[in-house]
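To be precise, the following lines are target-v2.cif, and they hold mmCIF, C-alpha atoms.
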```
data_target
#
loop_
_atom_site.group_PDB
_atom_site.id
_atom_site.type_symbol
_atom_site.label_atom_id
_atom_site.label_comp_id
_atom_site.auth_asym_id
_atom_site.auth_seq_id
_atom_site.Cartn_x
_atom_site.Cartn_y
_atom_site.Cartn_z
ATOM 1 C CA MET A 49 125.149 289.112 158.150
ATOM 2 C CA PHE A 50 124.726 285.428 158.955
ATOM 3 C CA LYS A 51 123.890 283.387 162.046
ATOM 4 C CA ARG A 52 126.875 281.852 163.904
ATOM 5 C CA PHE A 53 125.333 278.621 165.182
ATOM 6 C CA ARG A 54 128.751 277.403 166.343
ATOM 7 C CA ARG A 55 128.767 279.906 169.238
ATOM 8 C CA LEU A 56 126.640 277.530 171.278
ATOM 9 C CA ARG A 57 128.835 274.517 170.469
ATOM 10 C CA THR A 58 132.173 275.829 171.677
ATOM 11 C CA THR A 59 132.287 274.086 175.089
ATOM 12 C CA PRO A 60 130.774 270.942 176.620
ATOM 13 C CA THR A 61 128.922 273.094 179.165
ATOM 14 C CA LEU A 62 127.296 275.251 176.503
ATOM 15 C CA ARG A 63 126.350 272.223 174.443
ATOM 16 C CA HIS A 64 124.733 270.653 177.482
ATOM 17 C CA LEU A 65 122.843 273.834 178.405
ATOM 18 C CA VAL A 66 121.184 274.131 174.997
ATOM 19 C CA ARG A 67 120.550 270.400 174.483
ATOM 20 C CA GLN A 68 116.983 269.960 173.281
ATOM 21 C CA THR A 69 116.509 266.227 173.878
ATOM 22 C CA ARG A 70 117.675 264.626 177.116
ATOM 23 C CA LEU A 71 117.800 260.976 178.102
ATOM 24 C CA SER A 72 116.946 259.828 181.611
ATOM 25 C CA CYS A 73 117.043 256.445 183.327
ATOM 26 C CA ALA A 74 113.327 256.993 183.905
ATOM 27 C CA ASP A 75 112.738 256.774 180.135
ATOM 28 C CA PHE A 76 113.601 253.064 179.969
ATOM 29 C CA ILE A 77 111.757 249.787 180.421
ATOM 30 C CA ALA A 78 113.796 246.565 180.601
ATOM 31 C CA PRO A 79 112.335 243.437 178.929
ATOM 32 C CA LEU A 80 112.997 240.222 180.883
ATOM 33 C CA PHE A 81 112.358 236.541 180.082
ATOM 34 C CA VAL A 82 111.258 234.363 183.006
ATOM 35 C CA LEU A 83 111.275 230.563 183.009
ATOM 36 C CA GLN A 84 108.554 228.513 184.637
ATOM 37 C CA GLU A 85 110.991 225.625 185.117
ATOM 38 C CA GLY A 86 114.715 225.042 184.715
ATOM 39 C CA LYS A 87 117.880 227.036 185.256
ATOM 40 C CA SER A 88 118.875 230.338 183.690
ATOM 41 C CA ALA A 89 120.468 230.100 180.265
ATOM 42 C CA PRO A 90 122.094 232.616 177.892
ATOM 43 C CA ILE A 91 120.366 233.498 174.626
ATOM 44 C CA ALA A 92 122.957 232.784 171.946
ATOM 45 C CA SER A 93 121.744 235.401 169.466
ATOM 46 C CA MET A 94 121.449 238.137 172.122
ATOM 47 C CA PRO A 95 124.748 238.458 174.039
ATOM 48 C CA GLY A 96 124.150 239.545 177.624
ATOM 49 C CA VAL A 97 120.459 238.559 177.645
ATOM 50 C CA PHE A 98 119.201 235.461 179.476
ATOM 51 C CA GLN A 99 116.204 233.261 179.985
ATOM 52 C CA MET A 100 116.056 233.557 183.772
ATOM 53 C CA ASP A 101 114.865 231.434 186.633
ATOM 54 C CA LEU A 102 113.103 233.238 189.454
ATOM 55 C CA GLN A 103 116.205 233.666 191.609
ATOM 56 C CA ASP A 104 118.200 235.289 188.807
ATOM 57 C CA LEU A 105 115.211 237.392 187.774
ATOM 58 C CA LEU A 106 115.088 238.918 191.253
ATOM 59 C CA LYS A 107 118.836 239.592 191.146
ATOM 60 C CA GLU A 108 118.394 241.361 187.823
ATOM 61 C CA CYS A 109 115.547 243.468 189.214
ATOM 62 C CA ALA A 110 117.809 244.554 192.069
ATOM 63 C CA LEU A 111 120.523 245.589 189.595
ATOM 64 C CA LEU A 112 118.019 247.483 187.472
ATOM 65 C CA GLN A 113 116.775 249.464 190.444
ATOM 66 C CA GLU A 114 120.351 250.272 191.447
ATOM 67 C CA VAL A 115 120.958 251.983 188.102
ATOM 68 C CA GLY A 116 117.622 253.820 188.112
ATOM 69 C CA ILE A 117 115.433 251.589 185.934
ATOM 70 C CA GLN A 118 111.983 251.516 187.498
ATOM 71 C CA ALA A 119 109.969 249.377 185.059
ATOM 72 C CA VAL A 120 110.264 245.881 183.583
ATOM 73 C CA LEU A 121 108.347 244.126 180.811
ATOM 74 C CA LEU A 122 107.944 240.412 181.541
ATOM 75 C CA PHE A 123 107.709 237.557 179.033
ATOM 76 C CA GLY A 124 106.859 234.095 180.329
ATOM 77 C CA LEU A 125 108.455 230.856 179.151
ATOM 78 C CA PRO A 126 106.108 228.009 180.158
ATOM 79 C CA ALA A 127 106.996 224.382 180.819
ATOM 80 C CA HIS A 128 104.017 223.176 178.755
ATOM 81 C CA LYS A 129 102.673 224.276 175.378
ATOM 82 C CA ASP A 130 99.538 223.226 173.511
ATOM 83 C CA ALA A 131 97.247 224.428 170.739
ATOM 84 C CA THR A 132 95.294 226.830 172.952
ATOM 85 C CA GLY A 133 98.128 228.129 175.160
ATOM 86 C CA SER A 134 96.450 226.726 178.271
ATOM 87 C CA SER A 135 99.517 227.412 180.469
ATOM 88 C CA ALA A 136 98.722 231.111 180.134
ATOM 89 C CA LEU A 137 95.358 230.539 181.833
ATOM 90 C CA ARG A 138 96.701 228.845 184.952
ATOM 91 C CA GLU A 139 97.337 230.510 188.286
ATOM 92 C CA ASP A 140 100.980 229.354 188.097
ATOM 93 C CA HIS A 141 101.451 231.375 184.894
ATOM 94 C CA PRO A 142 105.208 232.126 184.857
ATOM 95 C CA VAL A 143 104.658 235.894 184.697
ATOM 96 C CA ALA A 144 102.083 235.766 187.507
ATOM 97 C CA THR A 145 104.476 233.787 189.708
ATOM 98 C CA ALA A 146 107.343 236.151 188.905
ATOM 99 C CA THR A 147 105.216 239.219 189.567
ATOM 100 C CA LYS A 148 104.260 238.035 193.041
ATOM 101 C CA ALA A 149 107.948 237.513 193.877
ATOM 102 C CA ILE A 150 108.964 240.889 192.436
ATOM 103 C CA LYS A 151 106.273 242.714 194.378
ATOM 104 C CA GLU A 152 107.347 241.017 197.616
ATOM 105 C CA ASN A 153 110.947 242.136 197.114
ATOM 106 C CA PHE A 154 110.645 245.329 195.059
ATOM 107 C CA PRO A 155 107.208 246.815 195.686
ATOM 108 C CA ASP A 156 108.005 250.058 193.854
ATOM 109 C CA LEU A 157 109.149 248.384 190.638
ATOM 110 C CA CYS A 158 106.553 248.780 187.879
ATOM 111 C CA VAL A 159 105.721 245.369 186.396
ATOM 112 C CA ILE A 160 104.353 245.385 182.855
ATOM 113 C CA ALA A 161 103.124 242.057 181.486
ATOM 114 C CA ASP A 162 103.343 241.237 177.801
ATOM 115 C CA LEU A 163 99.969 239.728 176.931
ATOM 116 C CA CYS A 164 99.997 237.245 174.064
ATOM 117 C CA PHE A 165 99.874 233.513 173.359
ATOM 118 C CA CYS A 166 102.788 232.899 170.990
ATOM 119 C CA GLU A 167 105.063 231.756 173.852
ATOM 120 C CA TYR A 168 102.363 229.378 175.124
ATOM 121 C CA THR A 169 101.093 227.702 171.948
ATOM 122 C CA ASP A 170 102.762 224.679 170.371
ATOM 123 C CA HIS A 171 102.263 226.222 166.913
ATOM 124 C CA GLY A 172 103.833 229.566 167.857
ATOM 125 C CA HIS A 173 100.969 231.758 166.654
ATOM 126 C CA CYS A 174 99.322 234.398 168.809
ATOM 127 C CA GLY A 175 96.033 232.705 169.572
ATOM 128 C CA ILE A 176 93.436 230.110 168.578
ATOM 129 C CA LEU A 177 93.681 228.725 165.042
ATOM 130 C CA LYS A 178 90.747 227.608 162.910
ATOM 131 C CA ASN A 179 93.010 225.396 160.822
ATOM 132 C CA LYS A 180 96.725 224.748 160.372
ATOM 133 C CA GLY A 181 99.167 224.696 157.504
ATOM 134 C CA LYS A 182 99.600 227.150 154.651
ATOM 135 C CA THR A 183 95.957 228.235 154.781
ATOM 136 C CA PHE A 184 95.770 228.678 158.555
ATOM 137 C CA GLU A 185 93.487 231.345 159.994
ATOM 138 C CA LEU A 186 93.808 232.889 163.435
ATOM 139 C CA ASP A 187 90.388 233.143 165.073
ATOM 140 C CA ASN A 188 90.338 236.777 166.161
ATOM 141 C CA ASP A 189 87.274 236.750 168.431
ATOM 142 C CA ALA A 190 87.945 233.390 170.077
ATOM 143 C CA THR A 191 91.442 234.598 170.903
ATOM 144 C CA LEU A 192 90.069 237.806 172.429
ATOM 145 C CA GLU A 193 88.102 235.725 174.930
ATOM 146 C CA ILE A 194 91.161 233.905 176.229
ATOM 147 C CA LEU A 195 93.318 237.051 176.152
ATOM 148 C CA ALA A 196 90.823 238.646 178.515
ATOM 149 C CA LYS A 197 91.047 235.676 180.906
ATOM 150 C CA GLN A 198 94.851 235.804 180.850
ATOM 151 C CA ALA A 199 94.819 239.557 181.555
ATOM 152 C CA VAL A 200 92.671 239.115 184.668
ATOM 153 C CA ILE A 201 94.947 236.352 185.993
ATOM 154 C CA LEU A 202 98.006 238.556 185.527
ATOM 155 C CA VAL A 203 96.504 241.614 187.171
ATOM 156 C CA GLN A 204 95.298 239.508 190.104
ATOM 157 C CA SER A 205 98.947 238.505 190.642
ATOM 158 C CA GLY A 206 99.987 242.149 191.047
ATOM 159 C CA VAL A 207 100.887 243.226 187.503
ATOM 160 C CA ASP A 208 100.754 247.029 187.220
ATOM 161 C CA VAL A 209 100.249 247.400 183.449
ATOM 162 C CA ILE A 210 98.868 245.034 180.808
ATOM 163 C CA ALA A 211 100.621 245.200 177.425
ATOM 164 C CA PRO A 212 98.677 243.272 174.747
ATOM 165 C CA SER A 213 100.888 242.472 171.762
ATOM 166 C CA ALA A 214 98.806 240.246 169.470
ATOM 167 C CA MET A 215 97.601 243.025 167.104
ATOM 168 C CA LEU A 216 94.063 241.648 167.028
ATOM 169 C CA ASP A 217 91.009 243.690 166.114
ATOM 170 C CA GLY A 218 89.028 244.778 169.180
ATOM 171 C CA MET A 219 91.832 243.737 171.527
ATOM 172 C CA VAL A 220 91.955 246.862 173.675
ATOM 173 C CA SER A 221 88.194 247.308 174.135
ATOM 174 C CA THR A 222 87.822 243.623 175.067
ATOM 175 C CA LEU A 223 90.568 243.863 177.687
ATOM 176 C CA ARG A 224 89.282 247.156 179.060
ATOM 177 C CA GLN A 225 85.844 245.667 179.569
ATOM 178 C CA ALA A 226 87.230 242.520 181.219
ATOM 179 C CA LEU A 227 89.485 244.453 183.579
ATOM 180 C CA ASP A 228 86.723 246.885 184.535
ATOM 181 C CA GLN A 229 84.198 244.100 185.172
ATOM 182 C CA ASN A 230 86.661 242.311 187.476
ATOM 183 C CA GLY A 231 87.422 245.356 189.615
ATOM 184 C CA PHE A 232 90.599 246.516 187.838
ATOM 185 C CA SER A 233 89.398 249.756 186.290
ATOM 186 C CA GLN A 234 92.605 251.475 187.457
ATOM 187 C CA THR A 235 94.932 249.080 185.598
ATOM 188 C CA PRO A 236 96.424 250.785 182.510
ATOM 189 C CA ILE A 237 96.714 249.177 179.096
ATOM 190 C CA MET A 238 99.933 249.727 177.144
ATOM 191 C CA SER A 239 98.917 248.537 173.700
ATOM 192 C CA TYR A 240 101.324 247.314 171.046
ATOM 193 C CA SER A 241 99.142 249.509 168.891
ATOM 194 C CA THR A 242 101.322 249.686 165.770
ATOM 195 C CA LYS A 243 103.347 246.481 165.488
ATOM 196 C CA PHE A 244 104.848 245.564 162.149
ATOM 197 C CA ALA A 245 105.485 242.092 160.725
ATOM 198 C CA SER A 246 109.241 242.533 160.903
ATOM 199 C CA SER A 247 112.419 240.561 160.311
ATOM 200 C CA TYR A 248 113.933 242.471 163.233
ATOM 201 C CA TYR A 249 112.204 240.045 165.627
ATOM 202 C CA GLY A 250 114.399 237.078 164.725
ATOM 203 C CA PRO A 251 116.464 236.774 167.930
ATOM 204 C CA PHE A 252 113.371 237.292 170.109
ATOM 205 C CA ARG A 253 111.874 234.093 168.731
ATOM 206 C CA GLU A 254 114.857 232.213 170.102
ATOM 207 C CA ALA A 255 114.624 234.110 173.400
ATOM 208 C CA ALA A 256 110.907 233.388 173.846
ATOM 209 C CA ASN A 257 110.832 229.989 172.073
ATOM 210 C CA SER A 258 108.010 231.434 169.996
ATOM 211 C CA ALA A 259 108.825 231.008 166.295
ATOM 212 C CA PRO A 260 105.752 229.925 164.276
ATOM 213 C CA SER A 261 105.968 226.255 163.289
ATOM 214 C CA PHE A 262 104.276 227.105 159.982
ATOM 215 C CA GLY A 263 103.264 230.235 158.121
ATOM 216 C CA ASP A 264 103.982 233.730 159.377
ATOM 217 C CA ARG A 265 102.224 236.551 161.258
ATOM 218 C CA LYS A 266 101.529 238.832 158.328
ATOM 219 C CA SER A 267 97.755 238.289 158.561
ATOM 220 C CA TYR A 268 97.654 239.984 161.959
ATOM 221 C CA GLN A 269 100.819 242.075 162.291
ATOM 222 C CA MET A 270 101.142 245.135 160.054
ATOM 223 C CA ASP A 271 102.564 245.428 156.546
ATOM 224 C CA PHE A 272 105.704 247.550 156.932
ATOM 225 C CA SER A 273 104.823 249.439 153.727
ATOM 226 C CA ASN A 274 101.696 251.088 155.147
ATOM 227 C CA ARG A 275 102.125 254.469 156.804
ATOM 228 C CA TYR A 276 98.479 255.569 157.065
ATOM 229 C CA GLU A 277 97.281 252.204 158.307
ATOM 230 C CA ALA A 278 99.995 252.375 160.980
ATOM 231 C CA ILE A 279 98.598 255.690 162.206
ATOM 232 C CA LEU A 280 95.010 254.408 162.123
ATOM 233 C CA GLU A 281 95.914 251.308 164.166
ATOM 234 C CA SER A 282 97.204 253.413 167.056
ATOM 235 C CA LEU A 283 94.378 255.934 166.896
ATOM 236 C CA GLU A 284 91.849 253.091 166.962
ATOM 237 C CA ASP A 285 93.466 251.632 170.089
ATOM 238 C CA GLU A 286 93.293 255.063 171.702
ATOM 239 C CA ALA A 287 89.587 255.213 170.875
ATOM 240 C CA GLN A 288 89.096 251.760 172.430
ATOM 241 C CA GLY A 289 90.633 252.898 175.713
ATOM 242 C CA ALA A 290 94.394 252.336 175.545
ATOM 243 C CA ASP A 291 96.348 254.408 178.059
ATOM 244 C CA ILE A 292 99.740 254.115 176.340
ATOM 245 C CA LEU A 293 100.421 253.506 172.649
ATOM 246 C CA MET A 294 103.458 251.788 171.129
ATOM 247 C CA VAL A 295 105.402 251.479 167.902
ATOM 248 C CA LYS A 296 107.430 248.308 167.287
ATOM 249 C CA PRO A 297 110.170 247.969 165.973
ATOM 250 C CA ALA A 298 112.206 251.151 166.438
ATOM 251 C CA LEU A 299 115.057 251.880 164.040
ATOM 252 C CA ALA A 300 113.234 251.609 160.719
ATOM 253 C CA TYR A 301 110.012 253.233 161.965
ATOM 254 C CA LEU A 302 110.888 256.612 163.489
ATOM 255 C CA ASP A 303 108.781 258.330 160.836
ATOM 256 C CA ILE A 304 105.772 256.410 162.167
ATOM 257 C CA VAL A 305 106.603 257.424 165.732
ATOM 258 C CA ARG A 306 106.567 261.071 164.695
ATOM 259 C CA ASP A 307 103.359 260.620 162.682
ATOM 260 C CA ILE A 308 101.540 259.123 165.664
ATOM 261 C CA LYS A 309 102.998 261.564 168.186
ATOM 262 C CA GLU A 310 101.636 264.467 166.170
ATOM 263 C CA ARG A 311 98.135 262.973 166.326
ATOM 264 C CA THR A 312 97.777 261.893 169.971
ATOM 265 C CA LEU A 313 98.266 263.286 173.445
ATOM 266 C CA LEU A 314 98.705 259.804 174.952
ATOM 267 C CA PRO A 315 102.142 258.627 176.139
ATOM 268 C CA LEU A 316 103.979 256.810 173.362
ATOM 269 C CA ALA A 317 106.346 253.869 173.840
ATOM 270 C CA LEU A 318 108.925 252.605 171.351
ATOM 271 C CA TYR A 319 110.235 249.036 171.369
ATOM 272 C CA ASN A 320 113.943 248.730 170.496
ATOM 273 C CA VAL A 321 113.682 245.089 169.456
ATOM 274 C CA SER A 322 115.922 242.030 169.568
ATOM 275 C CA GLY A 323 117.298 242.232 166.025
ATOM 276 C CA GLU A 324 118.367 245.827 166.568
ATOM 277 C CA TYR A 325 120.027 244.840 169.839
ATOM 278 C CA SER A 326 121.893 241.933 168.239
ATOM 279 C CA MET A 327 123.174 244.113 165.384
ATOM 280 C CA PHE A 328 124.613 246.590 167.873
ATOM 281 C CA LYS A 329 126.215 243.793 169.877
ATOM 282 C CA LEU A 330 127.786 242.415 166.698
ATOM 283 C CA ALA A 331 129.211 245.863 165.932
ATOM 284 C CA GLN A 332 130.569 246.051 169.478
ATOM 285 C CA ALA A 333 132.197 242.620 169.230
ATOM 286 C CA HIS A 334 134.025 243.638 166.052
ATOM 287 C CA ASN A 335 134.978 247.151 167.259
ATOM 288 C CA LEU A 336 133.251 248.669 164.232
ATOM 289 C CA MET A 337 132.409 251.945 165.982
ATOM 290 C CA ASP A 338 132.325 253.698 169.356
ATOM 291 C CA TYR A 339 129.689 251.481 170.954
ATOM 292 C CA ASN A 340 128.825 253.671 173.960
ATOM 293 C CA HIS A 341 128.293 256.785 171.868
ATOM 294 C CA LEU A 342 126.400 254.759 169.270
ATOM 295 C CA LEU A 343 123.983 253.639 171.990
ATOM 296 C CA LEU A 344 123.392 257.133 173.307
ATOM 297 C CA GLU A 345 123.035 258.614 169.817
ATOM 298 C CA THR A 346 120.446 255.989 168.910
ATOM 299 C CA MET A 347 118.457 256.252 172.138
ATOM 300 C CA THR A 348 118.412 260.029 171.782
ATOM 301 C CA ALA A 349 117.053 259.626 168.249
ATOM 302 C CA PHE A 350 114.282 257.425 169.629
ATOM 303 C CA LYS A 351 113.291 260.061 172.153
ATOM 304 C CA ARG A 352 113.713 262.932 169.698
ATOM 305 C CA SER A 353 111.332 261.215 167.286
ATOM 306 C CA GLY A 354 108.572 261.437 169.915
ATOM 307 C CA ALA A 355 108.918 258.394 172.164
ATOM 308 C CA ASP A 356 108.095 259.080 175.812
ATOM 309 C CA MET A 357 109.458 255.708 176.936
ATOM 310 C CA ILE A 358 111.863 253.207 175.404
ATOM 311 C CA ILE A 359 111.644 249.436 175.839
ATOM 312 C CA SER A 360 115.158 248.164 175.246
ATOM 313 C CA TYR A 361 117.472 245.245 176.025
ATOM 314 C CA HIS A 362 120.133 247.952 176.315
ATOM 315 C CA ALA A 363 118.247 249.620 179.202
ATOM 316 C CA LYS A 364 120.667 248.661 181.969
ATOM 317 C CA GLU A 365 123.833 249.546 180.086
ATOM 318 C CA VAL A 366 122.380 252.871 178.898
ATOM 319 C CA ALA A 367 121.431 253.709 182.476
ATOM 320 C CA GLN A 368 124.966 252.890 183.591
ATOM 321 C CA LEU A 369 126.358 255.229 180.931
ATOM 322 C CA LEU A 370 124.020 258.009 182.023
ATOM 323 C CA GLN A 371 125.081 257.549 185.635
ATOM 324 C CA LYS A 372 128.720 257.970 184.547
ATOM 325 C CA GLY A 373 127.859 261.259 182.877
ATOM 326 C CA PHE A 374 128.105 260.262 179.224
#
```
Could you quickly redo this structure as structure tokens?
Amino acid sequence: MFKRFRRLRTTPTLRHLVRQTRLSCADFIAPLFVLQEGKSAPIASMPGVFQMDLQDLLKECALLQEVGIQAVLLFGLPAHKDATGSSALREDHPVATATKAIKENFPDLCVIADLCFCEYTDHGHCGILKNKGKTFELDNDATLEILAKQAVILVQSGVDVIAPSAMLDGMVSTLRQALDQNGFSQTPIMSYSTKFASSYYGPFREAANSAPSFGDRKSYQMDFSNRYEAILESLEDEAQGADILMVKPALAYLDIVRDIKERTLLPLALYNVSGEYSMFKLAQAHNLMDYNHLLLETMTAFKRSGADMIISYHAKEVAQLLQKGF
């Protein structure tokens, strides 16, 4: 006697009834790039993704809501950059300005603000530097002070969730204290709690104009070889008060997602990053495979691995597929 597993695969209806992992539009968060000045422009390495002016950003938010996407992750592209990222500490912060406009037009849309300094510094690193060149050092504690100031400015503008991405020690506890002391104890923190120093970020650095002008980010982002350290990073952020944890990137790190999911009860986000997006778009352009089914297979794998929410540049097109019954 043997088990006939194929009995439950014989019809589409049966397969759907016994499906163990299901995608929903509510699983997705759409990352958007907002300009402080200038007109919208396509990002050459990311077909279908744009640096957007405020008018086009609002149009995109309307389209996202139409297909069932209820959350966006905003990245600001400032008109001015300097060594300390001072544009991020102004009231006309591009994400703050965009958030006010979004909340006026789409009050139910959840606005998550990426919190970092790489887009705002002229050197492209994620905070204050003690020195430049090959031997540069990022000043962890000095950067924490200005991250906290930026977080308060963003939440005052109406941001619903703060998402710190710098991978600095003590980042979450510093932000939690600053938010609480300024009357924002109800604002959640979605921490980029396990973020690897990855080559998959290449197209993003064009999108956000944030490539380092020297050196790399390996002294603060994680070594992709280290499994146990990856787990510890997220558990430490949970201990410091994070409300949502995250693994970034996605495709090469689903083992880490599962490792963390088995050790926490917090919601877990997964960031399907720019390099992954661009590879899929290249495959689509060359008709290398069934693109729509490739998308759904991959997103299902993300959720099956343990992700509760998926940040993806594919969010809108996946939602459209789900609405069509794929």
Contact table stretch 270-337 of chain A vs stretch 61-78 of chain A, cut-off 12 Å, shortest pair per residue, only C-alpha atoms, as CSV:
```
residue,atom,partner,partner_atom,distance
A:Pro315,CA,A:Asp75,CA,11.5
A:Leu316,CA,A:Asp75,CA,11.1
A:Ala317,CA,A:Asp75,CA,9.4
A:Leu318,CA,A:Phe76,CA,9.8
A:Tyr319,CA,A:Ile77,CA,9.2
A:Asn320,CA,A:Ile77,CA,10.2
A:Val321,CA,A:Ala78,CA,11.2
```
Determine, counting all atoms listed in the file, which protein, DNA and RNA residues have an atom within 10 Å of an atom of A:Ala146; residues of the same chain fewer than 6 positions away are not included. Present the result as an mmCIF file with C-alpha atoms, in the frame of the given file.
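Dumped to result_13.cif:
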```
data_model
loop_
_atom_site.group_PDB
_atom_site.id
_atom_site.type_symbol
_atom_site.label_atom_id
_atom_site.label_comp_id
_atom_site.auth_asym_id
_atom_site.auth_seq_id
_atom_site.Cartn_x
_atom_site.Cartn_y
_atom_site.Cartn_z
ATOM 1 C CA VAL A 82 111.258 234.363 183.006
ATOM 2 C CA LEU A 83 111.275 230.563 183.009
ATOM 3 C CA GLN A 84 108.554 228.513 184.637
ATOM 4 C CA ASP A 101 114.865 231.434 186.633
ATOM 5 C CA LEU A 102 113.103 233.238 189.454
ATOM 6 C CA GLN A 103 116.205 233.666 191.609
ATOM 7 C CA LEU A 105 115.211 237.392 187.774
ATOM 8 C CA LEU A 106 115.088 238.918 191.253
ATOM 9 C CA LEU A 122 107.944 240.412 181.541
ATOM 10 C CA PHE A 123 107.709 237.557 179.033
ATOM 11 C CA GLY A 124 106.859 234.095 180.329
ATOM 12 C CA ASP A 140 100.980 229.354 188.097
ATOM 13 C CA GLU A 152 107.347 241.017 197.616
ATOM 14 C CA VAL A 159 105.721 245.369 186.396
ATOM 15 C CA SER A 205 98.947 238.505 190.642
ATOM 16 C CA GLY A 206 99.987 242.149 191.047
ATOM 17 C CA VAL A 207 100.887 243.226 187.503
#
```
Residues matched by the PyMOL selection byres ((chain A and resi 298-310) around 6), written as an mmCIF file with C-alpha atoms, in the coordinates of the input:
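expr_39.cif was written with the following content:
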```cif
data_model
loop_
_atom_site.group_PDB
_atom_site.id
_atom_site.type_symbol
_atom_site.label_atom_id
_atom_site.label_comp_id
_atom_site.auth_asym_id
_atom_site.auth_seq_id
_atom_site.Cartn_x
_atom_site.Cartn_y
_atom_site.Cartn_z
ATOM 1 C CA ILE A 279 98.598 255.690 162.206
ATOM 2 C CA LYS A 296 107.430 248.308 167.287
ATOM 3 C CA PRO A 297 110.170 247.969 165.973
ATOM 4 C CA ARG A 311 98.135 262.973 166.326
ATOM 5 C CA THR A 312 97.777 261.893 169.971
ATOM 6 C CA TYR A 319 110.235 249.036 171.369
ATOM 7 C CA ASN A 320 113.943 248.730 170.496
ATOM 8 C CA SER A 353 111.332 261.215 167.286
ATOM 9 C CA GLY A 354 108.572 261.437 169.915
#
```
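Distances to A:Glu286 were evaluated for A:Phe374, A:Phe165, A:Tyr240, A:Phe154 using only C-alpha atoms, and the minimum falls at A:Tyr240.
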Counting all atoms listed in the file, which residues come within 12 Å of (124.1, 253.6, 170.6), with the point read in the file's coordinates, and could you list them as a ChimeraX atom specification? /A:299,320,324-325,327-329,331-332,337-350,360-363,365-366,369,374
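Listed by chain and then by number, the residues chosen by the PyMOL selection byres ((chain A and resi 219) around 9) in this file are Asn188, Asp189, Leu192, Leu195, Ala196, Pro212, Ala214, Met215, Leu216, Asp217, Gly218, Val220, Ser221, Thr222, Leu223, Arg224, Ser239, Asp285 and Gln288 of chain A.
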Would you mind telling me which residue in A:Ala89, A:Leu137, A:Ala367, A:Ile359 lies nearest to A:Leu111 when using all atoms listed in the file? A:Ala367
Can you list, as a VMD selection string, the residues that the PyMOL selection byres ((chain A and resi 238) around 6) selects here? chain A and resid 211 237 239 291 to 293
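Using all atoms listed in the file, the contacts of A:Gln269 at a cut-off of 7 Å, with sequence neighbours closer than 4 positions omitted, comprise Met215, Lys243, Phe244, Ala245 and Arg265 of chain A.
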